Amino acid sequence: MEIVTERLRLRQWTEGDKQPFREMGSDQEVMRFFPNLLSAKQSDAAVDRISNLIDENGWGFWAVEERSSGQFIGFVGLHGQEEEQIPCTPMVEIGWRLAREHWGKGYAPEAAKAALKYAFDSLGESRIYAFTSLLNLPSQRVMEKIGMHNTGLDFDHPKVPDGHRLEKHCLFRIDKEYWLENQDI
């Protein structure tokens, strides 16, 4: 299964995506809002885990490629979040991570809108959530661009060490009714 937008293709991961994903995981700028860089082994394990979830569920954090070049540029998609210390769980969250050279082109909102459409139309979800560090203003801007609003339910991320500068997270949400009324966002 794949989702196609004007400029992008969201699809299952391939072995060829592992090397560019390793590069993303070791890029300090890409990973500045995560507690650690990823080793090659951690990066490959993440790809395998994400790919397996797509195989199991039919959806997940899809690999994203530019349609014009066929180049892997990162991932965008959906994830079933069960972590009890995160407000509103269980939930379906939307997330993204793009290689630095593809920032500022509108790719994250374009792909995220397609993922939202899939969540509401195909999965029948009534609301979708996203969360990030309070310091991650670029991701918060993407959340706003796709019509999400800040719930005000800030929380300490359970997988970020106590006292770490990235520990405090914000939680955004979009409801299907709002999305249906504002698809031109």
# chains A, B, ... in the order shown; residues from 1 in each chain; ligands from 1
>>> select_by_dssp(residues="stretch 35-168 of chain A", states="strand (DSSP E)", output="PyMOL selection string")
chain A and resi 61-66+72-81+91-98+127-133+149-150+155-156+168
>>> write_last_selection(atoms="N, CA, C and O atoms", output="compact mmCIF listing (two decimals), in the first residue's frame")
# COMPACT_ATOMS: atom_id res chain seq x y z
N PHE A 61 4.60 4.45 10.25
CA PHE A 61 5.51 5.52 9.83
C PHE A 61 6.09 5.11 8.48
O PHE A 61 7.06 4.37 8.41
N TRP A 62 5.47 5.58 7.40
CA TRP A 62 5.88 5.20 6.06
C TRP A 62 7.16 5.92 5.64
O TRP A 62 7.39 7.08 6.00
N ALA A 63 7.97 5.24 4.85
CA ALA A 63 9.10 5.89 4.18
C ALA A 63 8.52 6.88 3.19
O ALA A 63 7.48 6.64 2.58
N VAL A 64 9.17 8.02 3.04
CA VAL A 64 8.71 9.05 2.11
C VAL A 64 9.80 9.26 1.06
O VAL A 64 10.98 9.39 1.39
N GLU A 65 9.37 9.29 -0.19
CA GLU A 65 10.30 9.59 -1.27
C GLU A 65 9.73 10.69 -2.14
O GLU A 65 8.51 10.85 -2.25
N GLU A 66 10.63 11.45 -2.74
CA GLU A 66 10.23 12.43 -3.74
C GLU A 66 9.80 11.67 -4.99
O GLU A 66 10.53 10.79 -5.45
N PHE A 72 14.69 8.74 -1.21
CA PHE A 72 14.19 8.64 0.16
C PHE A 72 14.51 9.95 0.87
O PHE A 72 15.66 10.42 0.82
N ILE A 73 13.51 10.54 1.53
CA ILE A 73 13.74 11.81 2.22
C ILE A 73 13.43 11.76 3.71
O ILE A 73 13.65 12.72 4.42
N GLY A 74 12.89 10.63 4.19
CA GLY A 74 12.56 10.52 5.61
C GLY A 74 11.33 9.68 5.81
O GLY A 74 11.02 8.79 5.01
N PHE A 75 10.60 9.94 6.91
CA PHE A 75 9.36 9.22 7.15
C PHE A 75 8.28 10.15 7.66
O PHE A 75 8.56 11.18 8.27
N VAL A 76 7.05 9.78 7.38
CA VAL A 76 5.86 10.46 7.88
C VAL A 76 4.80 9.39 8.03
O VAL A 76 4.70 8.48 7.21
N GLY A 77 4.00 9.49 9.08
CA GLY A 77 2.94 8.51 9.20
C GLY A 77 2.31 8.46 10.56
O GLY A 77 2.34 9.42 11.33
N LEU A 78 1.76 7.31 10.85
CA LEU A 78 0.91 7.09 12.01
C LEU A 78 1.46 5.98 12.88
O LEU A 78 2.08 5.04 12.37
N HIS A 79 1.19 6.08 14.18
CA HIS A 79 1.67 5.07 15.11
C HIS A 79 0.65 4.91 16.24
O HIS A 79 0.18 5.91 16.79
N GLY A 80 0.32 3.68 16.57
CA GLY A 80 -0.53 3.42 17.72
C GLY A 80 0.28 3.59 18.99
O GLY A 80 1.23 2.85 19.23
N GLN A 81 -0.06 4.59 19.79
CA GLN A 81 0.70 4.91 20.99
C GLN A 81 -0.03 4.38 22.22
O GLN A 81 -1.18 4.72 22.47
N MET A 91 -3.85 6.01 21.79
CA MET A 91 -4.16 6.97 20.74
C MET A 91 -3.42 6.58 19.47
O MET A 91 -2.51 5.76 19.51
N VAL A 92 -3.81 7.22 18.39
CA VAL A 92 -3.01 7.17 17.16
C VAL A 92 -2.33 8.52 17.04
O VAL A 92 -2.97 9.57 17.09
N GLU A 93 -1.01 8.47 16.93
CA GLU A 93 -0.24 9.70 16.78
C GLU A 93 0.25 9.81 15.34
O GLU A 93 0.38 8.82 14.62
N ILE A 94 0.52 11.04 14.94
CA ILE A 94 1.13 11.31 13.65
C ILE A 94 2.52 11.86 13.93
O ILE A 94 2.73 12.59 14.91
N GLY A 95 3.49 11.47 13.09
CA GLY A 95 4.85 11.95 13.29
C GLY A 95 5.62 12.00 11.99
O GLY A 95 5.17 11.47 10.97
N TRP A 96 6.77 12.63 12.04
CA TRP A 96 7.60 12.80 10.85
C TRP A 96 9.04 13.06 11.25
O TRP A 96 9.34 13.50 12.36
N ARG A 97 9.93 12.75 10.33
CA ARG A 97 11.35 13.09 10.43
C ARG A 97 11.88 13.11 9.01
O ARG A 97 11.80 12.11 8.29
N LEU A 98 12.41 14.25 8.60
CA LEU A 98 12.94 14.40 7.24
C LEU A 98 14.41 14.74 7.28
O LEU A 98 14.88 15.41 8.21
N ARG A 127 -9.94 11.17 16.07
CA ARG A 127 -8.96 12.22 16.40
C ARG A 127 -7.56 11.63 16.30
O ARG A 127 -7.36 10.44 16.50
N ILE A 128 -6.62 12.50 16.01
CA ILE A 128 -5.22 12.12 15.89
C ILE A 128 -4.41 13.09 16.75
O ILE A 128 -4.71 14.29 16.81
N TYR A 129 -3.38 12.57 17.37
CA TYR A 129 -2.52 13.35 18.26
C TYR A 129 -1.09 13.43 17.71
O TYR A 129 -0.69 12.60 16.89
N ALA A 130 -0.37 14.41 18.19
CA ALA A 130 1.07 14.52 17.92
C ALA A 130 1.71 15.13 19.15
O ALA A 130 1.08 15.92 19.87
N PHE A 131 2.94 14.76 19.42
CA PHE A 131 3.64 15.36 20.54
C PHE A 131 5.10 15.56 20.20
O PHE A 131 5.66 14.88 19.34
N THR A 132 5.68 16.53 20.87
CA THR A 132 7.09 16.83 20.66
C THR A 132 7.60 17.63 21.85
O THR A 132 6.81 18.12 22.67
N SER A 133 8.89 17.78 21.93
CA SER A 133 9.50 18.60 22.97
C SER A 133 8.98 20.03 22.86
O SER A 133 8.74 20.54 21.76
N HIS A 149 -4.19 21.57 17.06
CA HIS A 149 -4.11 22.59 18.09
C HIS A 149 -3.48 22.00 19.35
O HIS A 149 -3.61 20.81 19.62
N ASN A 150 -2.83 22.87 20.10
CA ASN A 150 -2.17 22.46 21.33
C ASN A 150 -3.25 22.21 22.39
O ASN A 150 -4.07 23.08 22.66
N PHE A 155 3.51 17.30 29.26
CA PHE A 155 3.88 16.13 30.07
C PHE A 155 5.38 15.89 29.97
O PHE A 155 6.04 16.37 29.05
N ASP A 156 5.89 15.13 30.92
CA ASP A 156 7.28 14.70 30.90
C ASP A 156 7.33 13.39 30.13
O ASP A 156 6.68 12.41 30.53
N LYS A 168 10.25 17.83 28.80
CA LYS A 168 8.89 18.40 28.78
C LYS A 168 8.38 18.42 27.34
O LYS A 168 9.02 18.95 26.44
>>> residues_around(residues="A:Asp184", least_positions_apart="4", cutoff="12 Å", atoms="only C-alpha atoms", output="count of residues only")
8
>>> closest_residue(among="A:Leu166, A:Met1, A:Met31, A:Ala112", to="A:Gly58", atoms="only C-alpha atoms")
A:Met1
>>> select_by_dssp(residues="stretch 127-162 of chain A", states="alpha helix (DSSP H)", output="JSON, numbers by chain")
{"A": [137, 138, 139, 140, 141, 142, 143, 144, 145]}
>>> closest_residue(among="A:Glu125, A:Asp48, A:Asp154, A:Asp162", to="A:Ile86", atoms="only C-alpha atoms")
A:Asp154
